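Undergrad: This is entry-v6.txt (compact mmCIF, C-alpha atoms (C1' of nucleotides) and all ligand atoms).
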# COMPACT_ATOMS: atom_id res chain seq x y z
CA MET S 3 12.37 -25.52 28.49
CA SER S 4 15.12 -27.61 26.86
CA THR S 5 18.45 -25.83 26.90
CA HIS S 6 20.54 -28.26 24.88
CA THR S 7 18.91 -28.10 21.44
CA HIS S 8 21.00 -27.60 18.34
CA PRO S 9 20.45 -24.23 16.67
CA SER S 10 17.78 -24.42 14.03
CA SER S 11 18.48 -22.90 10.65
CA ALA S 12 16.25 -20.03 11.72
CA GLU S 13 18.39 -19.49 14.81
CA SER S 14 21.58 -19.62 12.78
CA LEU S 15 20.22 -17.05 10.37
CA ILE S 16 19.33 -14.74 13.22
CA THR S 17 22.66 -14.93 15.01
CA ALA S 18 24.49 -14.59 11.70
CA GLN S 19 22.86 -11.17 11.42
CA GLY S 20 23.88 -10.18 14.91
CA GLY S 21 20.41 -10.49 16.36
CA ARG S 22 19.31 -12.06 19.57
CA ILE S 23 17.38 -15.30 19.65
CA THR S 24 13.88 -14.64 20.82
CA ARG S 25 10.78 -16.75 20.71
CA THR S 26 8.91 -14.49 18.31
CA ARG S 27 11.85 -13.95 16.01
CA VAL S 28 12.55 -17.67 15.64
CA ALA S 29 8.91 -18.58 15.18
CA VAL S 30 8.33 -15.87 12.58
CA LEU S 31 11.37 -16.87 10.61
CA GLU S 32 10.39 -20.52 10.72
CA ILE S 33 6.92 -19.65 9.52
CA LEU S 34 8.38 -17.69 6.63
CA LEU S 35 10.86 -20.43 5.77
CA ALA S 36 8.09 -23.01 5.71
CA ALA S 37 5.66 -20.90 3.69
CA ASP S 38 5.20 -21.52 0.00
CA GLN S 39 4.02 -17.98 -0.49
CA SER S 40 4.57 -14.48 0.86
CA LEU S 41 2.59 -13.72 4.00
CA THR S 42 1.07 -10.58 5.41
CA HIS S 43 1.70 -9.29 8.90
CA ASP S 44 -1.77 -10.44 9.76
CA GLU S 45 -1.34 -13.96 8.43
CA ILE S 46 1.91 -14.36 10.31
CA GLY S 47 0.30 -13.05 13.47
CA LEU S 48 -2.46 -15.59 13.06
CA ALA S 49 0.03 -18.40 12.54
CA LEU S 50 1.85 -17.34 15.69
CA ALA S 51 -1.38 -17.34 17.64
CA GLU S 52 -2.21 -20.82 16.35
CA GLN S 53 1.12 -22.00 17.68
CA GLY S 54 0.20 -20.50 21.01
CA ILE S 55 2.93 -17.92 20.76
CA LYS S 56 1.71 -14.81 22.51
CA HIS S 57 2.92 -11.64 20.88
CA ASP S 58 2.21 -8.01 20.39
CA ARG S 59 1.16 -6.53 17.07
CA VAL S 60 3.91 -3.93 17.21
CA THR S 61 6.56 -6.48 18.09
CA LEU S 62 5.62 -8.43 15.01
CA TYR S 63 5.94 -5.33 12.86
CA ARG S 64 9.35 -4.68 14.33
CA THR S 65 10.42 -8.27 13.95
CA LEU S 66 9.49 -8.24 10.29
CA ASP S 67 11.21 -4.92 9.74
CA TRP S 68 14.33 -6.30 11.35
CA LEU S 69 14.30 -9.36 9.13
CA VAL S 70 14.02 -7.15 6.06
CA GLU S 71 16.71 -4.71 7.17
CA SER S 72 18.99 -7.64 7.92
CA GLY S 73 18.44 -8.89 4.41
CA VAL S 74 16.95 -12.16 5.61
CA ALA S 75 13.44 -11.48 4.42
CA HIS S 76 11.95 -9.38 1.67
CA LYS S 77 8.92 -7.16 1.64
CA MET S 78 6.48 -6.52 -1.18
CA ALA S 79 3.80 -3.90 -1.40
CA GLY S 80 0.63 -5.49 -2.74
CA ASP S 81 -2.35 -4.04 -4.51
CA ASP S 82 -4.38 -4.51 -1.40
CA ARG S 83 -2.74 -2.28 1.12
CA ALA S 84 -0.77 -4.98 2.90
CA ARG S 85 2.87 -5.80 2.68
CA ARG S 86 3.84 -9.39 2.20
CA PHE S 87 6.95 -10.99 3.58
CA GLY S 88 8.99 -13.96 2.46
CA VAL S 89 12.41 -15.48 2.72
CA ALA S 90 14.40 -16.91 -0.12
CA ALA S 91 15.20 -20.44 0.99
CA SER S 92 18.73 -20.02 -0.25
CA GLY S 93 20.88 -17.06 -1.12
CA PRO S 94 19.83 -13.47 -1.57
CA HIS S 95 16.52 -12.25 -2.87
CA GLU S 96 17.16 -12.22 -6.59
CA HIS S 97 14.12 -13.69 -8.22
CA ALA S 98 10.79 -12.83 -9.72
CA HIS S 99 7.38 -13.13 -8.07
CA PHE S 100 4.02 -14.29 -9.25
CA HIS S 101 0.99 -12.38 -8.03
CA CYS S 102 -2.42 -14.00 -8.43
CA ASP S 103 -4.82 -11.19 -9.26
CA ARG S 104 -7.79 -13.23 -8.10
CA CYS S 105 -6.82 -14.49 -4.66
CA GLY S 106 -3.97 -12.09 -4.02
CA LYS S 107 -1.45 -14.83 -3.31
CA VAL S 108 2.18 -14.03 -3.99
CA VAL S 109 4.70 -16.77 -4.61
CA CYS S 110 8.43 -16.52 -5.09
CA LEU S 111 9.68 -17.86 -8.40
CA GLU S 112 13.13 -18.92 -7.35
CA GLY S 113 15.42 -19.71 -10.20
CA LEU S 114 13.62 -17.34 -12.50
CA GLN S 115 15.84 -14.49 -13.44
CA PRO S 116 14.36 -11.36 -15.01
CA ALA S 117 16.73 -11.31 -17.99
CA VAL S 118 15.92 -7.70 -18.41
CA ALA S 119 17.26 -6.10 -21.52
CA VAL S 120 17.06 -2.48 -20.55
CA ASN S 121 18.76 0.58 -21.81
CA LEU S 122 17.82 3.26 -19.37
CA PRO S 123 17.68 6.91 -20.35
CA GLY S 124 20.83 8.73 -19.29
CA GLY S 125 21.41 9.63 -15.68
CA TYR S 126 19.51 6.76 -14.14
CA GLN S 127 21.55 4.42 -11.98
CA LEU S 128 20.17 0.92 -11.84
CA ASP S 129 20.43 -1.02 -8.60
CA ARG S 130 18.13 -3.92 -9.10
CA ALA S 131 15.19 -5.03 -11.19
CA GLU S 132 11.95 -6.20 -9.66
CA LEU S 133 9.77 -8.41 -11.80
CA VAL S 134 6.23 -9.30 -10.84
CA LEU S 135 4.18 -11.55 -13.07
CA HIS S 136 0.42 -11.13 -12.83
CA GLY S 137 -2.21 -13.67 -13.65
CA ALA S 138 -4.04 -16.59 -12.12
CA CYS S 139 -2.49 -19.15 -9.79
CA PRO S 140 -3.13 -22.88 -10.38
CA THR S 141 -5.93 -22.93 -7.82
CA CYS S 142 -7.75 -19.88 -9.17
CA GLY S 143 -7.12 -20.70 -12.82
CA LYS S 144 -9.00 -23.98 -12.61
CA GLY S 145 -12.47 -22.57 -13.26
CA ALA S 146 -11.37 -20.33 -16.14
CA MET U 6 -18.27 29.63 -18.71
CA SER U 7 -17.49 29.17 -22.41
CA THR U 8 -19.68 26.54 -23.99
CA HIS U 9 -18.02 26.28 -27.36
CA THR U 10 -14.60 24.88 -26.49
CA HIS U 11 -13.30 21.90 -28.37
CA PRO U 12 -13.01 18.78 -26.22
CA SER U 13 -9.57 18.48 -24.68
CA SER U 14 -7.76 15.19 -25.01
CA ALA U 15 -8.65 14.59 -21.39
CA GLU U 16 -12.33 15.07 -22.16
CA SER U 17 -12.12 12.78 -25.17
CA LEU U 18 -10.49 10.10 -23.08
CA ILE U 19 -13.22 10.35 -20.48
CA THR U 20 -16.14 10.18 -22.88
CA ALA U 21 -14.45 7.36 -24.77
CA GLN U 22 -14.72 5.34 -21.58
CA GLY U 23 -18.38 6.15 -21.11
CA GLY U 24 -17.79 8.58 -18.27
CA ARG U 25 -19.28 11.97 -17.67
CA ILE U 26 -17.27 15.13 -18.00
CA THR U 27 -16.82 16.66 -14.60
CA ARG U 28 -14.53 19.37 -13.40
CA THR U 29 -12.58 17.12 -11.07
CA ARG U 30 -12.22 14.30 -13.55
CA VAL U 31 -10.96 16.52 -16.32
CA ALA U 32 -8.56 18.36 -14.05
CA VAL U 33 -7.19 15.15 -12.54
CA LEU U 34 -6.64 13.59 -15.91
CA GLU U 35 -4.93 16.70 -17.21
CA ILE U 36 -2.68 16.74 -14.19
CA LEU U 37 -1.75 13.13 -14.80
CA LEU U 38 -1.22 13.68 -18.50
CA ALA U 39 1.08 16.61 -17.81
CA ALA U 40 3.06 14.88 -15.08
CA ASP U 41 6.46 13.44 -15.82
CA GLN U 42 6.10 11.03 -12.93
CA SER U 43 3.50 9.04 -11.06
CA LEU U 44 1.61 11.02 -8.44
CA THR U 45 0.04 10.10 -5.14
CA HIS U 46 -3.54 10.87 -4.21
CA ASP U 47 -2.19 13.55 -1.94
CA GLU U 48 -0.04 15.21 -4.57
CA ILE U 49 -2.92 15.28 -7.00
CA GLY U 50 -5.19 16.73 -4.36
CA LEU U 51 -2.65 19.43 -3.71
CA ALA U 52 -2.38 20.21 -7.42
CA LEU U 53 -6.16 20.49 -7.62
CA ALA U 54 -6.21 22.85 -4.68
CA GLU U 55 -3.53 25.01 -6.30
CA GLN U 56 -5.73 25.28 -9.35
CA GLY U 57 -8.53 26.43 -7.09
CA ILE U 58 -10.54 23.31 -7.82
CA LYS U 59 -12.54 22.50 -4.74
CA HIS U 60 -12.93 18.80 -4.18
CA ASP U 61 -13.50 16.15 -1.61
CA ARG U 62 -10.87 13.64 -0.57
CA VAL U 63 -13.23 10.75 -1.21
CA THR U 64 -14.23 12.04 -4.62
CA LEU U 65 -10.61 12.13 -5.61
CA TYR U 66 -10.15 8.53 -4.48
CA ARG U 67 -13.16 7.54 -6.54
CA THR U 68 -12.04 9.54 -9.54
CA LEU U 69 -8.67 7.84 -9.50
CA ASP U 70 -10.25 4.43 -9.06
CA TRP U 71 -12.49 5.11 -12.01
CA LEU U 72 -9.56 6.11 -14.18
CA VAL U 73 -7.77 2.90 -13.29
CA GLU U 74 -10.81 0.69 -13.80
CA SER U 75 -11.40 2.34 -17.15
CA GLY U 76 -7.86 1.51 -18.13
CA VAL U 77 -6.94 5.15 -18.60
CA ALA U 78 -4.59 5.37 -15.65
CA HIS U 79 -2.47 2.88 -13.81
CA LYS U 80 -1.85 2.44 -10.13
CA MET U 81 1.34 1.36 -8.40
CA ALA U 82 1.81 0.37 -4.80
CA GLY U 83 4.94 2.01 -3.49
CA ASP U 84 7.24 1.12 -0.63
CA ASP U 85 5.91 4.02 1.31
CA ARG U 86 2.30 3.13 1.81
CA ALA U 87 0.91 5.31 -0.95
CA ARG U 88 -0.34 4.38 -4.35
CA ARG U 89 0.89 6.36 -7.28
CA PHE U 90 -1.08 7.08 -10.39
CA GLY U 91 -0.06 7.82 -13.93
CA VAL U 92 -1.30 7.74 -17.48
CA ALA U 93 0.55 6.44 -20.44
CA ALA U 94 0.59 9.35 -22.87
CA SER U 95 -0.28 6.98 -25.69
CA GLY U 96 -1.72 3.51 -25.87
CA PRO U 97 -2.19 1.05 -23.08
CA HIS U 98 -0.03 0.71 -20.02
CA GLU U 99 2.63 -1.66 -21.27
CA HIS U 100 5.91 -0.37 -20.06
CA ALA U 101 8.38 -0.57 -17.22
CA HIS U 102 8.81 1.89 -14.38
CA PHE U 103 11.78 3.34 -12.62
CA HIS U 104 11.55 3.84 -8.90
CA CYS U 105 14.12 6.09 -7.24
CA ASP U 106 14.89 4.52 -3.89
CA ARG U 107 16.15 7.79 -2.50
CA CYS U 108 13.43 10.31 -3.29
CA GLY U 109 10.64 7.83 -3.99
CA LYS U 110 9.87 9.25 -7.42
CA VAL U 111 8.37 6.88 -9.95
CA VAL U 112 8.68 7.54 -13.66
CA CYS U 113 7.19 5.66 -16.56
CA LEU U 114 9.72 4.26 -18.98
CA GLU U 115 7.64 4.30 -22.11
CA GLY U 116 9.10 2.35 -24.95
CA LEU U 117 10.93 0.02 -22.63
CA GLN U 118 9.54 -3.44 -22.90
CA PRO U 119 10.32 -6.03 -20.23
CA ALA U 120 11.45 -8.71 -22.70
CA VAL U 121 10.79 -11.27 -20.05
CA ALA U 122 11.96 -14.74 -20.84
CA VAL U 123 9.94 -16.71 -18.38
CA ASN U 124 8.93 -20.31 -18.19
CA LEU U 125 6.41 -20.43 -15.41
CA PRO U 126 5.85 -23.56 -13.38
CA GLY U 127 2.80 -25.48 -14.59
CA GLY U 128 -0.67 -24.22 -13.84
CA TYR U 129 0.16 -20.55 -13.69
CA GLN U 130 -1.61 -18.36 -16.22
CA LEU U 131 0.29 -15.24 -17.13
CA ASP U 132 -1.63 -12.06 -17.80
CA ARG U 133 0.99 -9.39 -17.75
CA ALA U 134 4.47 -8.68 -16.48
CA GLU U 135 5.28 -5.74 -14.28
CA LEU U 136 8.84 -4.56 -14.27
CA VAL U 137 10.12 -2.01 -11.79
CA LEU U 138 13.72 -0.88 -11.92
CA HIS U 139 15.15 0.39 -8.68
CA GLY U 140 18.04 2.77 -8.26
CA ALA U 141 18.80 6.46 -8.23
CA CYS U 142 17.17 9.02 -10.48
CA PRO U 143 19.32 11.61 -12.27
CA THR U 144 18.68 14.21 -9.59
CA CYS U 145 19.47 11.95 -6.65
CA GLY U 146 22.37 10.20 -8.35
CA LYS U 147 24.35 13.41 -8.77
CA GLY U 148 25.99 13.34 -5.37
CA ALA U 149 26.90 9.67 -5.49
C1' DG Y 27 -34.14 25.66 -23.47
C1' DG Y 28 -36.04 22.56 -19.89
C1' DC Y 29 -37.08 17.53 -17.73
C1' DG Y 30 -35.92 13.35 -15.77
C1' DC Y 31 -32.89 10.19 -14.28
C1' DA Y 32 -28.53 7.95 -13.77
C1' DA Y 33 -23.91 9.12 -12.50
C1' DA Y 34 -20.96 11.63 -9.62
C1' DT Y 35 -20.13 14.35 -5.46
C1' DG Y 36 -19.73 15.73 -0.53
C1' DC Y 37 -20.17 14.51 4.19
C1' DT Y 38 -19.57 11.79 8.12
C1' DA Y 39 -18.14 7.96 10.11
C1' DC Y 40 -15.39 3.96 9.97
C1' DT Y 41 -11.59 0.39 8.88
C1' DA Y 42 -7.07 -1.27 8.12
C1' DT Y 43 -2.31 -0.84 8.37
C1' DG Y 44 1.56 0.90 10.22
C1' DT Y 45 4.38 4.14 13.81
C1' DT Y 46 6.16 6.39 18.13
C1' DG Y 47 7.59 6.79 22.91
C1' DC Y 48 8.66 4.74 26.93
C1' DA Y 49 8.92 1.58 30.80
C1' DA Y 50 9.44 -3.41 31.77
C1' DA Y 51 11.41 -7.75 30.52
C1' DA Y 52 14.54 -10.89 28.26
C1' DC Y 53 19.24 -12.00 26.15
C1' DC Y 54 23.73 -13.00 26.42
C1' DA Y 55 28.84 -11.63 26.96
C1' DC Y 56 31.45 -11.75 30.74
C1' DG R 25 24.93 -14.94 38.23
C1' DT R 26 25.32 -9.78 36.88
C1' DG R 27 25.08 -5.79 33.96
C1' DG R 28 24.23 -3.54 30.11
C1' DT R 29 21.98 -3.74 25.77
C1' DT R 30 18.39 -5.43 22.93
C1' DT R 31 13.77 -6.63 22.51
C1' DT R 32 9.13 -6.55 24.02
C1' DG R 33 4.46 -4.84 25.47
C1' DC R 34 1.33 -1.32 25.94
C1' DA R 35 -1.14 2.86 24.87
C1' DA R 36 -1.66 6.46 22.02
C1' DC R 37 -1.23 8.26 17.44
C1' DA R 38 -0.86 8.68 12.21
C1' DT R 39 -1.95 7.75 7.54
C1' DA R 40 -4.32 5.80 3.61
C1' DG R 41 -8.27 4.13 2.09
C1' DT R 42 -13.60 2.65 2.32
C1' DA R 43 -18.80 2.65 3.06
C1' DG R 44 -23.45 4.60 3.29
C1' DC R 45 -26.43 7.90 1.98
C1' DA R 46 -28.50 12.30 0.85
C1' DT R 47 -27.63 16.02 -2.54
C1' DT R 48 -26.09 17.77 -6.78
C1' DT R 49 -24.79 17.56 -11.57
C1' DG R 50 -24.24 16.03 -16.37
C1' DC R 51 -26.53 14.86 -20.32
C1' DG R 52 -29.85 12.30 -23.48
C1' DC R 53 -34.19 13.48 -24.91
C1' DC R 54 -37.96 16.24 -26.18
MN MN S 201 10.65 -13.70 -2.95
MN MN S 202 3.39 3.99 -16.23
ZN ZN S 203 -5.07 -17.42 -6.85
ZN ZN S 204 15.40 10.51 -6.83
Using the file provided, produce a representation of the structure as structure tokens.
TA:
Amino acid sequence: MSTHTHPSSAESLITAQGGRITRTRVAVLEILLAADQSLTHDEIGLALAEQGIKHDRVTLYRTLDWLVESGVAHKMAGDDRARRFGVAASGPHEHAHFHCDRCGKVVCLEGLQPAVAVNLPGGYQLDRAELVLHGACPTCGKGA
Amino acid sequence: MSTHTHPSSAESLITAQGGRITRTRVAVLEILLAADQSLTHDEIGLALAEQGIKHDRVTLYRTLDWLVESGVAHKMAGDDRARRFGVAASGPHEHAHFHCDRCGKVVCLEGLQPAVAVNLPGGYQLDRAELVLHGACPTCGKGA
DNA sequence: GGCGCAAATGCTACTATGTTGCAAAACCAC
DNA sequence: GTGGTTTTGCAACATAGTAGCATTTGCGCC
């Protein structure tokens, strides 16, 4: 198609990590960037299909893994047995998450720092703290 | 066997939740109570087998689910795709966890309260906060 | 102690999610 | 454009968990 487009922010992110620009990679990253919540492999696959982007299940798994390994995206293990993926719109992934226990939605709470006052028992080396708040999202909380 | 034993703390816990005393349930709960870390379904099954307690895979899943639903045990989704189970030795499950990113071990940090200073965006109803600290456990951190 | 019935178990089959190996295709530095 | 490397697609496999249903077991009651 058109060969003279400016690189999208998705494309820049990909090349910045030393990855090649491919249709699936760009589309997945754009989907994640546009999402207001973390998405499962399945949801992303569906979104791709809706955009008419043909893809293989395994390729999508590998694409997502690559995004996580590259530090572009983050992965969260949910209570249902599906991992959810998201990208922090800006900067590294240093924020808390909200998990709606009713609909299962997970949203990033950017600008919400754990402020964890921990004194670990001796010997433990702390790398990072992961904070997940549980409750009801605005949509689900309505009928409470 | 002997019919005049005093109820173990495991048995008390089970009856307190309105459950029936069964071999598997008691054994599983005792395993969890004795463990110094969260255990996977598989690890618990292995422990049962070592004790010569015959059981079915599905029964163990249901036993663990029941313990969680009853509020006796807690369940954590790990990065590997296995859930880990544990019981707080005393009181409800209101503490942080430490996850060793090298060996995958998860330990309960009882007496370590999140102290989360959060102001959620409007509409979100907070039920509970889940704090997981990531890093290296004493064993794995040695060679660092 | 024994009965009756609900709760729990064991089996089998099935689903969902993720992984591996390898050949074909697509990128991109040159 | 070409060549070598990365990425993809496909098929087969692995793992963790679930569902239905007949059988067994715990236990309140007599
Ligand atoms: Mn996030
Ligand atoms: Mn715990
Ligand atoms: Zn919700
Ligand atoms: Zn460790």
Undergrad: Nearest residue to chain R out of U:Glu55, U:Asp41, U:Asp85, U:Glu99, using all atoms listed in the file?
TA: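 Going through U:Glu55, U:Asp41, U:Asp85, U:Glu99 one by one, the smallest distance to chain R is for U:Asp85.
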Undergrad: Give as number ranges by chain the residues surrounding ligand ZN 203 (chain S) up to a distance of 10 Å, considering all atoms listed in the file.
TA: S: 100-108, 137-144; U: 129
Undergrad: With distances taken over all atoms listed in the file, which residue among U:Arg28, U:Arg62, U:His46, U:His139 lies nearest chain S?
TA: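 Distance minimum relative to chain S lands on U:His139.
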Undergrad: Compute the chain U side of the contact with chain Y at 10 Å, counting only C-alpha atoms (C1' of nucleotides), and hand it back as an MDAnalysis selection string.
TA: chainID U and resid 24:27 29:30 60:65 67:68 86
Undergrad: Would you name the residues within 9 Å of ligand MN 201 (chain S), counting all atoms listed in the file, and put them as number ranges by chain?
TA: S: 39-40, 75-78, 87-90, 95-99, 108-112
